[in-house]
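S.K.: What follows is the file upload_17.txt, containing compact mmCIF, C-alpha atoms and all ligand atoms:
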```txt
# COMPACT_ATOMS: atom_id res chain seq x y z
CA MET A 251 55.83 10.46 -42.41
CA THR A 252 56.82 13.68 -44.11
CA GLU A 253 54.62 16.61 -43.29
CA THR A 254 53.29 18.71 -46.10
CA GLY A 255 50.85 20.86 -44.13
CA SER A 256 50.94 24.62 -44.47
CA GLN A 257 50.63 25.31 -40.74
CA PRO A 258 53.98 24.31 -39.20
CA ASP A 259 53.08 25.79 -35.81
CA MET A 260 50.17 23.45 -35.55
CA TRP A 261 52.37 20.44 -36.21
CA SER A 262 54.83 21.40 -33.49
CA GLN A 263 52.19 21.03 -30.78
CA ARG A 264 52.26 18.21 -28.27
CA LEU A 265 49.49 15.72 -28.97
CA GLY A 266 47.77 13.56 -26.37
CA ALA A 267 47.11 9.94 -27.29
CA LEU A 268 45.19 7.38 -25.30
CA GLU A 269 44.87 3.73 -26.19
CA ALA A 270 42.09 2.46 -23.96
CA GLY A 271 42.33 -1.33 -23.77
CA GLY A 272 40.39 -3.93 -21.86
CA THR A 273 43.31 -4.80 -19.60
CA LYS A 274 45.37 -1.62 -19.71
CA PHE A 275 45.25 1.98 -20.84
CA ARG A 276 48.31 3.54 -22.43
CA ALA A 277 48.46 7.32 -22.36
CA ALA A 278 51.16 9.15 -24.32
CA VAL A 279 52.39 12.58 -25.21
CA VAL A 280 53.39 12.60 -28.87
CA SER A 281 55.49 15.16 -30.68
CA GLY A 282 54.96 15.92 -34.32
CA ALA A 283 57.94 18.25 -34.45
CA ALA A 284 60.81 15.83 -35.02
CA ALA A 285 63.18 16.86 -37.81
CA SER A 286 61.77 14.16 -40.07
CA GLY A 287 58.25 15.29 -39.35
CA ALA A 288 57.50 11.85 -37.92
CA LEU A 289 55.35 11.40 -34.87
CA GLU A 290 57.42 10.60 -31.81
CA ILE A 291 56.23 9.30 -28.46
CA VAL A 292 57.99 11.51 -25.92
CA ASP A 293 56.35 10.27 -22.73
CA SER A 294 53.93 7.48 -21.93
CA VAL A 295 52.40 5.58 -19.05
CA MET A 296 50.49 2.30 -18.63
CA VAL A 297 47.46 2.31 -16.38
CA PRO A 298 45.58 -0.87 -15.49
CA THR A 299 41.94 -0.96 -16.60
CA SER A 300 39.98 -1.07 -13.35
CA ASP A 301 36.85 1.01 -12.75
CA PRO A 302 36.38 4.16 -14.86
CA GLU A 303 36.89 6.59 -11.95
CA THR A 304 40.27 5.14 -10.97
CA THR A 305 41.56 4.56 -14.48
CA LEU A 306 40.49 7.91 -15.92
CA ALA A 307 41.83 9.76 -12.85
CA GLU A 308 45.26 8.21 -13.46
CA VAL A 309 45.13 9.17 -17.14
CA VAL A 310 44.23 12.76 -16.26
CA ALA A 311 47.00 12.88 -13.64
CA PHE A 312 49.53 11.74 -16.25
CA PHE A 313 48.56 14.46 -18.70
CA ALA A 314 48.45 17.05 -15.91
CA GLY A 315 52.06 16.18 -15.04
CA SER A 316 53.31 16.15 -18.65
CA GLU A 317 53.99 18.89 -21.16
CA PRO A 318 50.66 20.53 -22.05
CA ILE A 319 48.82 18.83 -24.88
CA SER A 320 46.79 20.66 -27.52
CA ALA A 321 44.33 17.88 -28.33
CA LEU A 322 43.60 14.29 -27.38
CA GLY A 323 42.81 11.26 -29.49
CA ILE A 324 41.23 8.21 -27.89
CA ALA A 325 41.59 4.74 -29.43
CA SER A 326 39.11 2.78 -27.36
CA PHE A 327 38.06 -0.79 -26.82
CA GLY A 328 34.56 -1.35 -28.12
CA PRO A 329 31.77 -1.17 -28.41
CA VAL A 330 31.82 2.63 -28.54
CA ASP A 331 29.05 5.02 -29.58
CA LEU A 332 30.64 6.88 -32.52
CA ASP A 333 27.45 8.38 -33.91
CA LEU A 334 27.96 12.16 -33.80
CA GLY A 335 24.20 12.67 -33.70
CA SER A 336 23.67 10.38 -30.73
CA PRO A 337 23.28 11.69 -27.16
CA GLY A 338 25.67 8.96 -26.11
CA TYR A 339 28.40 9.96 -28.58
CA GLY A 340 31.82 9.13 -27.21
CA SER A 341 30.63 6.70 -24.57
CA ILE A 342 31.32 3.01 -24.10
CA ALA A 343 28.27 0.98 -25.11
CA ALA A 344 27.00 -2.12 -23.28
CA THR A 345 30.04 -4.18 -22.31
CA PRO A 346 30.66 -7.05 -19.90
CA LYS A 347 33.54 -5.01 -18.42
CA PRO A 348 32.31 -4.02 -14.94
CA GLY A 349 31.49 -0.31 -14.59
CA TRP A 350 32.28 0.70 -18.16
CA SER A 351 28.85 0.38 -19.82
CA GLY A 352 27.67 3.90 -20.61
CA CYS A 353 30.92 5.53 -19.43
CA ARG A 354 31.17 8.91 -21.17
CA ILE A 355 34.88 8.61 -21.74
CA LEU A 356 35.14 11.40 -24.35
CA ASP A 357 33.15 13.98 -22.36
CA ARG A 358 34.94 13.18 -19.14
CA LEU A 359 38.41 13.57 -20.62
CA ALA A 360 37.44 16.67 -22.65
CA HIS A 361 36.11 18.29 -19.48
CA ALA A 362 39.11 17.31 -17.35
CA LEU A 363 41.78 18.27 -19.90
CA ASN A 364 39.98 21.16 -21.61
CA VAL A 365 41.25 20.30 -25.10
CA PRO A 366 39.51 19.07 -28.27
CA VAL A 367 39.06 15.29 -28.09
CA GLY A 368 38.36 12.76 -30.82
CA ILE A 369 37.52 9.08 -30.48
CA GLN A 370 37.78 5.96 -32.64
CA THR A 371 37.96 2.29 -31.82
CA ASP A 372 41.38 0.87 -31.00
CA VAL A 373 41.49 -1.14 -34.22
CA GLU A 374 40.28 1.77 -36.34
CA ALA A 375 43.09 3.96 -35.00
CA ALA A 376 45.64 1.18 -35.51
CA ALA A 377 44.47 0.62 -39.09
CA VAL A 378 44.80 4.32 -39.90
CA ALA A 379 48.27 4.49 -38.31
CA GLU A 380 49.50 1.42 -40.18
CA GLN A 381 48.18 2.90 -43.41
CA LEU A 382 49.57 6.41 -42.97
CA LEU A 383 52.75 5.71 -41.00
CA GLY A 384 53.60 2.17 -42.13
CA PRO A 385 55.56 1.20 -45.26
CA GLN A 386 54.75 3.41 -48.23
CA PRO A 387 53.15 3.32 -50.65
CA SER A 388 50.41 1.76 -48.60
CA PRO A 389 47.28 0.29 -50.12
CA ASP A 390 44.13 2.41 -50.41
CA ARG A 391 42.39 -0.08 -48.13
CA LEU A 392 44.28 -1.57 -45.21
CA ALA A 393 42.75 -3.89 -42.61
CA TYR A 394 44.04 -4.16 -39.06
CA VAL A 395 43.09 -7.20 -36.97
CA THR A 396 43.90 -7.55 -33.30
CA VAL A 397 43.95 -11.03 -31.81
CA GLY A 398 44.36 -10.82 -28.07
CA THR A 399 41.88 -11.04 -25.21
CA GLY A 400 39.27 -10.51 -27.91
CA ILE A 401 39.33 -10.19 -31.69
CA GLY A 402 38.60 -6.94 -33.49
CA ALA A 403 39.22 -5.63 -36.96
CA ALA A 404 38.85 -2.40 -38.89
CA VAL A 405 39.57 -1.15 -42.38
CA ALA A 406 41.19 2.21 -43.13
CA VAL A 407 40.31 3.77 -46.47
CA HIS A 408 42.61 6.66 -47.38
CA GLY A 409 43.23 7.33 -43.69
CA VAL A 410 39.58 7.13 -42.62
CA PRO A 411 37.99 4.14 -40.86
CA LEU A 412 35.35 2.39 -42.93
CA ARG A 413 32.17 2.52 -40.88
CA GLY A 414 28.47 2.09 -41.33
CA CYS A 415 25.87 3.21 -38.80
CA ARG A 416 28.25 1.72 -36.24
CA HIS A 417 31.83 0.54 -36.21
CA SER A 418 32.32 -2.98 -37.47
CA GLU A 419 32.47 -6.04 -35.20
CA LEU A 420 34.39 -8.43 -37.39
CA GLY A 421 35.60 -10.49 -34.45
CA HIS A 422 32.09 -11.87 -34.16
CA ILE A 423 31.68 -13.34 -37.63
CA PRO A 424 30.52 -16.95 -37.74
CA VAL A 425 33.25 -19.44 -38.53
CA ARG A 426 33.23 -22.95 -39.93
CA ARG A 427 34.43 -25.37 -37.29
CA VAL A 428 37.70 -27.11 -38.19
CA ALA A 429 37.20 -30.89 -38.44
CA GLY A 430 37.95 -32.59 -35.12
CA ASP A 431 37.82 -29.39 -33.06
CA ASP A 432 35.13 -29.88 -30.42
CA TYR A 433 35.95 -26.79 -28.34
CA PRO A 434 32.57 -25.13 -27.66
CA GLY A 435 33.80 -21.52 -27.94
CA ARG A 436 33.68 -18.82 -25.27
CA CYS A 437 31.93 -15.77 -26.71
CA PRO A 438 29.25 -14.80 -24.18
CA PHE A 439 26.97 -13.75 -27.04
CA HIS A 440 27.59 -16.30 -29.81
CA GLY A 441 29.60 -19.14 -28.32
CA ASP A 442 31.61 -20.30 -31.30
CA CYS A 443 32.05 -17.12 -33.35
CA LEU A 444 35.60 -16.23 -34.47
CA GLU A 445 36.41 -14.50 -31.19
CA GLY A 446 34.87 -17.36 -29.21
CA MET A 447 37.03 -19.90 -31.04
CA ALA A 448 40.29 -18.07 -31.62
CA CYS A 449 40.94 -15.30 -29.06
CA GLY A 450 43.88 -15.73 -26.68
CA PRO A 451 41.74 -17.04 -23.78
CA ALA A 452 40.12 -19.57 -26.18
CA ILE A 453 43.58 -20.93 -27.05
CA ALA A 454 44.42 -21.10 -23.34
CA GLU A 455 41.18 -22.91 -22.47
CA ARG A 456 41.13 -25.31 -25.42
CA TRP A 457 44.73 -26.47 -25.04
CA GLY A 458 45.34 -25.82 -21.34
CA VAL A 459 48.38 -23.66 -22.09
CA ASP A 460 49.53 -20.07 -21.85
CA PRO A 461 49.55 -18.96 -25.51
CA ALA A 462 52.64 -16.84 -24.88
CA ASP A 463 54.65 -19.94 -23.88
CA VAL A 464 53.96 -22.35 -26.73
CA ALA A 465 55.74 -20.87 -29.75
CA GLU A 466 56.92 -24.36 -30.79
CA ARG A 467 53.42 -25.92 -30.84
CA SER A 468 52.69 -25.77 -34.57
CA ASP A 469 49.44 -27.72 -34.04
CA ILE A 470 48.09 -24.85 -31.95
CA TRP A 471 49.11 -22.18 -34.44
CA GLN A 472 47.92 -24.13 -37.51
CA LEU A 473 44.45 -24.40 -35.98
CA GLU A 474 44.54 -20.73 -35.01
CA ALA A 475 45.56 -19.78 -38.55
CA ALA A 476 42.72 -21.88 -39.99
CA TYR A 477 40.19 -19.77 -38.05
CA LEU A 478 41.88 -16.44 -38.75
CA ALA A 479 42.04 -17.27 -42.47
CA GLN A 480 38.24 -17.29 -42.45
CA LEU A 481 38.36 -13.62 -41.46
CA VAL A 482 40.89 -13.01 -44.24
CA ARG A 483 38.35 -14.50 -46.64
CA VAL A 484 35.55 -12.30 -45.32
CA LEU A 485 37.76 -9.21 -45.62
CA CYS A 486 38.93 -10.11 -49.12
CA TYR A 487 35.43 -10.78 -50.40
CA SER A 488 33.86 -7.72 -48.74
CA VAL A 489 36.29 -4.80 -48.81
CA ALA A 490 39.24 -6.33 -50.70
CA PRO A 491 42.03 -4.71 -48.69
CA GLY A 492 45.52 -4.47 -50.15
CA ARG A 493 47.13 -5.44 -46.85
CA ILE A 494 45.94 -7.14 -43.66
CA VAL A 495 47.93 -6.44 -40.50
CA PHE A 496 47.59 -8.92 -37.63
CA GLY A 497 48.48 -7.43 -34.24
CA GLY A 498 47.67 -8.09 -30.58
CA GLY A 499 49.34 -10.65 -28.33
CA VAL A 500 48.39 -13.66 -30.45
CA GLY A 501 48.88 -11.79 -33.72
CA ASN A 502 52.47 -11.16 -32.71
CA GLN A 503 53.22 -14.87 -32.39
CA PRO A 504 56.31 -15.46 -34.61
CA GLY A 505 55.49 -17.28 -37.81
CA ILE A 506 51.72 -16.94 -37.56
CA ALA A 507 51.52 -14.51 -40.50
CA GLU A 508 53.01 -17.16 -42.79
CA MET A 509 50.57 -19.77 -41.50
CA ILE A 510 47.62 -17.43 -42.02
CA ARG A 511 48.82 -16.74 -45.58
CA LYS A 512 48.96 -20.47 -46.34
CA SER A 513 45.55 -21.15 -44.76
CA SER A 514 44.10 -18.19 -46.64
CA VAL A 515 45.18 -19.64 -49.97
CA SER A 516 43.17 -22.81 -49.30
CA GLU A 517 40.33 -20.82 -47.70
CA LEU A 518 39.88 -18.78 -50.89
CA GLY A 519 40.10 -21.93 -53.01
CA GLY A 520 41.56 -20.06 -55.96
CA TYR A 521 38.41 -17.98 -56.43
CA GLY A 522 39.15 -14.35 -57.22
CA ASP A 523 42.41 -12.59 -57.82
CA TYR A 524 43.65 -11.88 -54.29
CA SER A 525 47.30 -11.69 -53.27
CA VAL A 526 46.90 -13.58 -50.00
CA ASP A 527 50.06 -15.62 -50.56
CA LEU A 528 52.34 -12.59 -50.88
CA ASP A 529 54.72 -11.68 -48.06
CA ASP A 530 53.42 -8.13 -47.86
CA PHE A 531 49.73 -9.05 -47.71
CA VAL A 532 49.29 -10.62 -44.26
CA VAL A 533 51.87 -8.93 -42.06
CA PRO A 534 52.69 -8.08 -38.43
CA PRO A 535 52.30 -4.42 -37.45
CA ALA A 536 55.02 -2.20 -38.94
CA LEU A 537 54.59 0.08 -35.93
CA GLY A 538 54.95 -2.78 -33.45
CA ASP A 539 52.97 -2.12 -30.26
CA ASP A 540 52.58 1.57 -31.14
CA SER A 541 49.92 1.33 -33.89
CA GLY A 542 47.01 2.15 -31.58
CA VAL A 543 48.66 4.97 -29.71
CA LEU A 544 50.06 6.57 -32.88
CA GLY A 545 46.61 6.27 -34.47
CA ALA A 546 45.23 8.11 -31.44
CA ALA A 547 47.88 10.82 -32.00
CA LEU A 548 46.81 11.16 -35.64
CA LEU A 549 43.25 11.57 -34.43
CA ALA A 550 44.36 14.26 -31.96
CA ARG A 551 46.08 16.08 -34.81
CA ALA A 552 42.92 15.85 -36.88
CA GLN A 553 41.03 17.56 -34.02
CA LEU A 554 43.47 20.47 -34.22
CA ALA A 555 43.15 20.69 -37.96
CA SER A 556 39.37 20.89 -37.71
CA SER A 557 39.11 23.18 -34.66
P1 LIG B 1 44.64 -6.99 -24.88
O1 LIG B 1 43.76 -7.88 -25.67
O2 LIG B 1 44.21 -6.87 -23.46
O3 LIG B 1 44.89 -5.67 -25.52
P2 LIG B 1 46.91 -8.52 -25.84
O4 LIG B 1 46.70 -8.08 -27.24
O5 LIG B 1 48.32 -8.57 -25.33
O6 LIG B 1 46.09 -7.69 -24.79
O7 LIG B 1 46.29 -9.98 -25.76
C1 LIG B 1 46.38 -10.78 -24.64
C2 LIG B 1 46.21 -12.24 -25.08
O8 LIG B 1 47.28 -12.57 -25.97
C3 LIG B 1 46.27 -13.22 -23.95
O9 LIG B 1 45.30 -14.24 -24.18
C4 LIG B 1 47.68 -13.79 -24.04
O10 LIG B 1 47.71 -15.12 -23.56
C5 LIG B 1 47.97 -13.73 -25.50
N1 LIG B 1 49.40 -13.53 -25.79
C6 LIG B 1 50.21 -12.62 -25.24
N2 LIG B 1 51.45 -12.73 -25.74
C7 LIG B 1 51.43 -13.72 -26.64
C8 LIG B 1 52.38 -14.30 -27.53
N3 LIG B 1 53.65 -13.90 -27.56
N4 LIG B 1 51.97 -15.30 -28.33
C9 LIG B 1 50.71 -15.71 -28.31
N5 LIG B 1 49.77 -15.21 -27.51
C10 LIG B 1 50.10 -14.23 -26.69
ZN ZN B 2 30.83 -13.39 -30.59
```
Spell out the structure here as structure tokens.
M.R.:
Amino acid sequence: MTETGSQPDMWSQRLGALEAGGTKFRAAVVSGAAASGALEIVDSVMVPTSDPETTLAEVVAFFAGSEPISALGIASFGPVDLDLGSPGYGSIAATPKPGWSGCRILDRLAHALNVPVGIQTDVEAAAVAEQLLGPQPSPDRLAYVTVGTGIGAAVAVHGVPLRGCRHSELGHIPVRRVAGDDYPGRCPFHGDCLEGMACGPAIAERWGVDPADVAERSDIWQLEAAYLAQLVRVLCYSVAPGRIVFGGGVGNQPGIAEMIRKSSVSELGGYGDYSVDLDDFVVPPALGDDSGVLGAALLARAQLASS
């Protein structure tokens, strides 16, 4: 991305970025001072997600041992309280993950690192990064979907996550069961919602396989695409994004984007003028595994700009 800001000193700062995932945290120091003006990850570490004390202590230790950062952006697993007026702003809301419900992740890191800190969901940050740092020109509305241990999605509109009173929870939309599929679903709240039917662990349980090892099983991926295409339909008919990026472990499965495109064409049934069959509509992440962490860096930079 080419920088056009009028405060070059600000852009040459080191930015802290934290992608807080359900199985691992990735903390990174990001430079915005490369000759091209592009963000560059200069140092990073993976920390397993255990209890908040242990995990956050390791994150703080990483930043303490790195070049000083000027601000931190957190791209967190959800649900997160993102209501600025709420006493719980910046904390993890009720979650089945042991120890994390109510964890004041933003306050704790702001206090420990003594820098401005911003927070978004992991998919919000990834959507913003794919929109601002991915292929240009990018559409005004870009959706990012992660399909991994869970399913989450967010829409970036001109670099800002689309949000209502809360962040969206598009992984939990109801889905129409594919004929012949009698898998009950595994969402603890809804059973057979999209996440319950199509997250990585659902594939593993339904088929008795490790999803990472069955690239050749087109039956598995066709069924997966049939469920994910129902989310494409919901996105098209609600916010009409110009691009939908599928990331996460399952989203990175080779060939799945093409299958989702094909399933989406039949899912939409020809109603409405959507470009779901185009190669640049349903795509893998242009930023690879870095979308979330680079989105967190953009958020850190936004903290500097506003402080
Ligand atoms: P997380 O959800 O914790 O951020 P991932 O996005 O990597 O992590 O998702 C993990 C899930 O993705 C697991 O269910 C795993 O089996 C599945 N997975 C990992 N790699 C692949 C792959 N290459 N193809 C399909 N599924 C994968
Ligand atoms: Zn659900």
S.K.: Given 6 Å of margin on each side, can you work out the centre and size in Å (one decimal) of an axis-aligned box holding every listed atom of ligand LIG 1 (chain B), as lines of an AutoDock Vina configuration file?
M.R.:
```
center_x = 48.7
center_y = -10.7
center_z = -25.9
size_x = 21.9
size_y = 22.0
size_z = 16.9
```
S.K.: Is there a way to get, as a list in words, all residues within 8 Å of the point (52.5, 12.9, -22.0) in file coordinates, counting all atoms listed in the file?
M.R.: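 Protein and nucleic acid residues near the point are Gly266, Ala277, Ala278, Val279, Val280, Val292, Asp293, Ser294, Val295, Phe312, Phe313, Gly315, Ser316, Glu317, Pro318 and Ile319 of chain A.
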S.K.: For chain A versus ligand LIG 1 (chain B), which residues have an atom no more than 10 Å away, and what is each residue's nearest atom pair and distance in Å rounded to one decimal, using all atoms listed in the file, chain-then-number order, as a Markdown table?
M.R.:
```
| residue | atom | partner | partner_atom | distance |
| --- | --- | --- | --- | --- |
| A:Glu269 | CA | B:LIG1 | O3 | 9.4 |
| A:Ala270 | CA | B:LIG1 | O3 | 8.7 |
| A:Gly271 | CA | B:LIG1 | O3 | 5.3 |
| A:Gly272 | CA | B:LIG1 | O2 | 5.1 |
| A:Thr273 | CA | B:LIG1 | O2 | 4.5 |
| A:Lys274 | CA | B:LIG1 | O2 | 6.6 |
| A:Phe275 | CA | B:LIG1 | O3 | 9.0 |
| A:Thr299 | CA | B:LIG1 | O2 | 9.3 |
| A:Phe327 | CA | B:LIG1 | O3 | 8.5 |
| A:Asp372 | CA | B:LIG1 | O3 | 9.2 |
| A:Thr396 | CA | B:LIG1 | O4 | 6.7 |
| A:Val397 | CA | B:LIG1 | O4 | 6.1 |
| A:Gly398 | CA | B:LIG1 | O7 | 3.1 |
| A:Thr399 | CA | B:LIG1 | O1 | 3.7 |
| A:Gly400 | CA | B:LIG1 | O1 | 5.7 |
| A:Ile401 | CA | B:LIG1 | O1 | 7.8 |
| A:Gly402 | CA | B:LIG1 | O1 | 9.4 |
| A:Ala448 | CA | B:LIG1 | O9 | 9.8 |
| A:Cys449 | CA | B:LIG1 | O9 | 6.6 |
| A:Gly450 | CA | B:LIG1 | O9 | 3.2 |
| A:Pro451 | CA | B:LIG1 | O9 | 4.5 |
| A:Ala452 | CA | B:LIG1 | O9 | 7.7 |
| A:Ile453 | CA | B:LIG1 | O9 | 7.5 |
| A:Ala454 | CA | B:LIG1 | O10 | 6.8 |
| A:Glu455 | CA | B:LIG1 | O9 | 9.8 |
| A:Val459 | CA | B:LIG1 | O10 | 8.7 |
| A:Asp460 | CA | B:LIG1 | O10 | 5.5 |
| A:Pro461 | CA | B:LIG1 | N5 | 4.3 |
| A:Ala462 | CA | B:LIG1 | C8 | 3.7 |
| A:Asp463 | CA | B:LIG1 | N4 | 7.0 |
| A:Val464 | CA | B:LIG1 | N4 | 7.5 |
| A:Ala465 | CA | B:LIG1 | N4 | 6.9 |
| A:Trp471 | CA | B:LIG1 | C9 | 9.1 |
| A:Gly497 | CA | B:LIG1 | O4 | 7.3 |
| A:Gly498 | CA | B:LIG1 | O4 | 3.5 |
| A:Gly499 | CA | B:LIG1 | O8 | 3.7 |
| A:Val500 | CA | B:LIG1 | N5 | 3.6 |
| A:Gly501 | CA | B:LIG1 | C9 | 6.9 |
| A:Asn502 | CA | B:LIG1 | N3 | 6.0 |
| A:Gln503 | CA | B:LIG1 | N4 | 4.3 |
| A:Pro504 | CA | B:LIG1 | N4 | 7.6 |
| A:Ile506 | CA | B:LIG1 | N4 | 9.4 |
| A:Asp539 | CA | B:LIG1 | O4 | 9.2 |
```
S.K.: Which residues of chain A sit at most 10 Å from ligand ZN 2 (chain B), using only C-alpha atoms and all ligand atoms? Give each one's shortest atom pair and distance in Å (one decimal place), in chain and ascending residue order, as JSON lines.
M.R.:
```
{"residue": "A:Gly400", "atom": "CA", "partner": "B:ZN2", "partner_atom": "ZN", "distance": 9.3}
{"residue": "A:Ile401", "atom": "CA", "partner": "B:ZN2", "partner_atom": "ZN", "distance": 9.1}
{"residue": "A:Glu419", "atom": "CA", "partner": "B:ZN2", "partner_atom": "ZN", "distance": 8.8}
{"residue": "A:Leu420", "atom": "CA", "partner": "B:ZN2", "partner_atom": "ZN", "distance": 9.1}
{"residue": "A:Gly421", "atom": "CA", "partner": "B:ZN2", "partner_atom": "ZN", "distance": 6.8}
{"residue": "A:His422", "atom": "CA", "partner": "B:ZN2", "partner_atom": "ZN", "distance": 4.1}
{"residue": "A:Ile423", "atom": "CA", "partner": "B:ZN2", "partner_atom": "ZN", "distance": 7.1}
{"residue": "A:Pro424", "atom": "CA", "partner": "B:ZN2", "partner_atom": "ZN", "distance": 8.0}
{"residue": "A:Gly435", "atom": "CA", "partner": "B:ZN2", "partner_atom": "ZN", "distance": 9.1}
{"residue": "A:Arg436", "atom": "CA", "partner": "B:ZN2", "partner_atom": "ZN", "distance": 8.1}
{"residue": "A:Cys437", "atom": "CA", "partner": "B:ZN2", "partner_atom": "ZN", "distance": 4.7}
{"residue": "A:Pro438", "atom": "CA", "partner": "B:ZN2", "partner_atom": "ZN", "distance": 6.8}
{"residue": "A:Phe439", "atom": "CA", "partner": "B:ZN2", "partner_atom": "ZN", "distance": 5.3}
{"residue": "A:His440", "atom": "CA", "partner": "B:ZN2", "partner_atom": "ZN", "distance": 4.4}
{"residue": "A:Gly441", "atom": "CA", "partner": "B:ZN2", "partner_atom": "ZN", "distance": 6.3}
{"residue": "A:Asp442", "atom": "CA", "partner": "B:ZN2", "partner_atom": "ZN", "distance": 7.0}
{"residue": "A:Cys443", "atom": "CA", "partner": "B:ZN2", "partner_atom": "ZN", "distance": 4.8}
{"residue": "A:Leu444", "atom": "CA", "partner": "B:ZN2", "partner_atom": "ZN", "distance": 6.8}
{"residue": "A:Glu445", "atom": "CA", "partner": "B:ZN2", "partner_atom": "ZN", "distance": 5.7}
{"residue": "A:Gly446", "atom": "CA", "partner": "B:ZN2", "partner_atom": "ZN", "distance": 5.8}
{"residue": "A:Met447", "atom": "CA", "partner": "B:ZN2", "partner_atom": "ZN", "distance": 9.0}
```
S.K.: Can you write out the residues you just picked, keeping C-alpha atoms, as an mmCIF file, in the frame of the given file?
M.R.:
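For reference, out.cif as written:
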```
data_model
loop_
_atom_site.group_PDB
_atom_site.id
_atom_site.type_symbol
_atom_site.label_atom_id
_atom_site.label_comp_id
_atom_site.auth_asym_id
_atom_site.auth_seq_id
_atom_site.Cartn_x
_atom_site.Cartn_y
_atom_site.Cartn_z
ATOM 1 C CA GLY A 400 39.270 -10.510 -27.910
ATOM 2 C CA ILE A 401 39.330 -10.190 -31.690
ATOM 3 C CA GLU A 419 32.470 -6.040 -35.200
ATOM 4 C CA LEU A 420 34.390 -8.430 -37.390
ATOM 5 C CA GLY A 421 35.600 -10.490 -34.450
ATOM 6 C CA HIS A 422 32.090 -11.870 -34.160
ATOM 7 C CA ILE A 423 31.680 -13.340 -37.630
ATOM 8 C CA PRO A 424 30.520 -16.950 -37.740
ATOM 9 C CA GLY A 435 33.800 -21.520 -27.940
ATOM 10 C CA ARG A 436 33.680 -18.820 -25.270
ATOM 11 C CA CYS A 437 31.930 -15.770 -26.710
ATOM 12 C CA PRO A 438 29.250 -14.800 -24.180
ATOM 13 C CA PHE A 439 26.970 -13.750 -27.040
ATOM 14 C CA HIS A 440 27.590 -16.300 -29.810
ATOM 15 C CA GLY A 441 29.600 -19.140 -28.320
ATOM 16 C CA ASP A 442 31.610 -20.300 -31.300
ATOM 17 C CA CYS A 443 32.050 -17.120 -33.350
ATOM 18 C CA LEU A 444 35.600 -16.230 -34.470
ATOM 19 C CA GLU A 445 36.410 -14.500 -31.190
ATOM 20 C CA GLY A 446 34.870 -17.360 -29.210
ATOM 21 C CA MET A 447 37.030 -19.900 -31.040
#
```
S.K.: Could you check how far CA of Tyr524 in chain A sits from CA of Gly492 in chain A, in Å to one decimal?
M.R.: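 CA of Gly492 in chain A lies 8.7 Å from CA of Tyr524 in chain A.
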S.K.: Restricting the calculation to only C-alpha atoms, which member of A:Gly323, A:Pro491, A:Pro534, A:Pro298 is positioned closest to Val405 in chain A?
M.R.: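 Comparing A:Gly323, A:Pro491, A:Pro534, A:Pro298 against Val405 in chain A, the winner is A:Pro491.
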S.K.: In terms of the shortest atom-to-atom distance over all atoms listed in the file, which of A:Val395, A:Ala267, A:Ala490, A:Val367 is closest to Ala555 in chain A?
M.R.: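 So, comparing all the options, the nearest one is A:Val367.
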S.K.: Can you check which parts of range 281-396 of chain A lie within 12 Å of range 527-533 of chain A? Per residue, the shortest pair of atoms and distance in Å to one decimal, counting only C-alpha atoms, sorted by chain and number, as a Markdown table.
M.R.:
```
| residue | atom | partner | partner_atom | distance |
| --- | --- | --- | --- | --- |
| A:Glu380 | CA | A:Val533 | CA | 10.8 |
| A:Gly384 | CA | A:Val533 | CA | 11.2 |
| A:Pro385 | CA | A:Asp530 | CA | 9.9 |
| A:Gln386 | CA | A:Asp530 | CA | 11.6 |
| A:Pro387 | CA | A:Asp530 | CA | 11.8 |
| A:Ser388 | CA | A:Asp530 | CA | 10.4 |
| A:Pro389 | CA | A:Phe531 | CA | 10.0 |
| A:Arg391 | CA | A:Phe531 | CA | 11.6 |
| A:Leu392 | CA | A:Phe531 | CA | 9.6 |
| A:Ala393 | CA | A:Val532 | CA | 9.5 |
| A:Tyr394 | CA | A:Val533 | CA | 9.6 |
| A:Val395 | CA | A:Val532 | CA | 10.2 |
| A:Thr396 | CA | A:Val533 | CA | 11.9 |
```
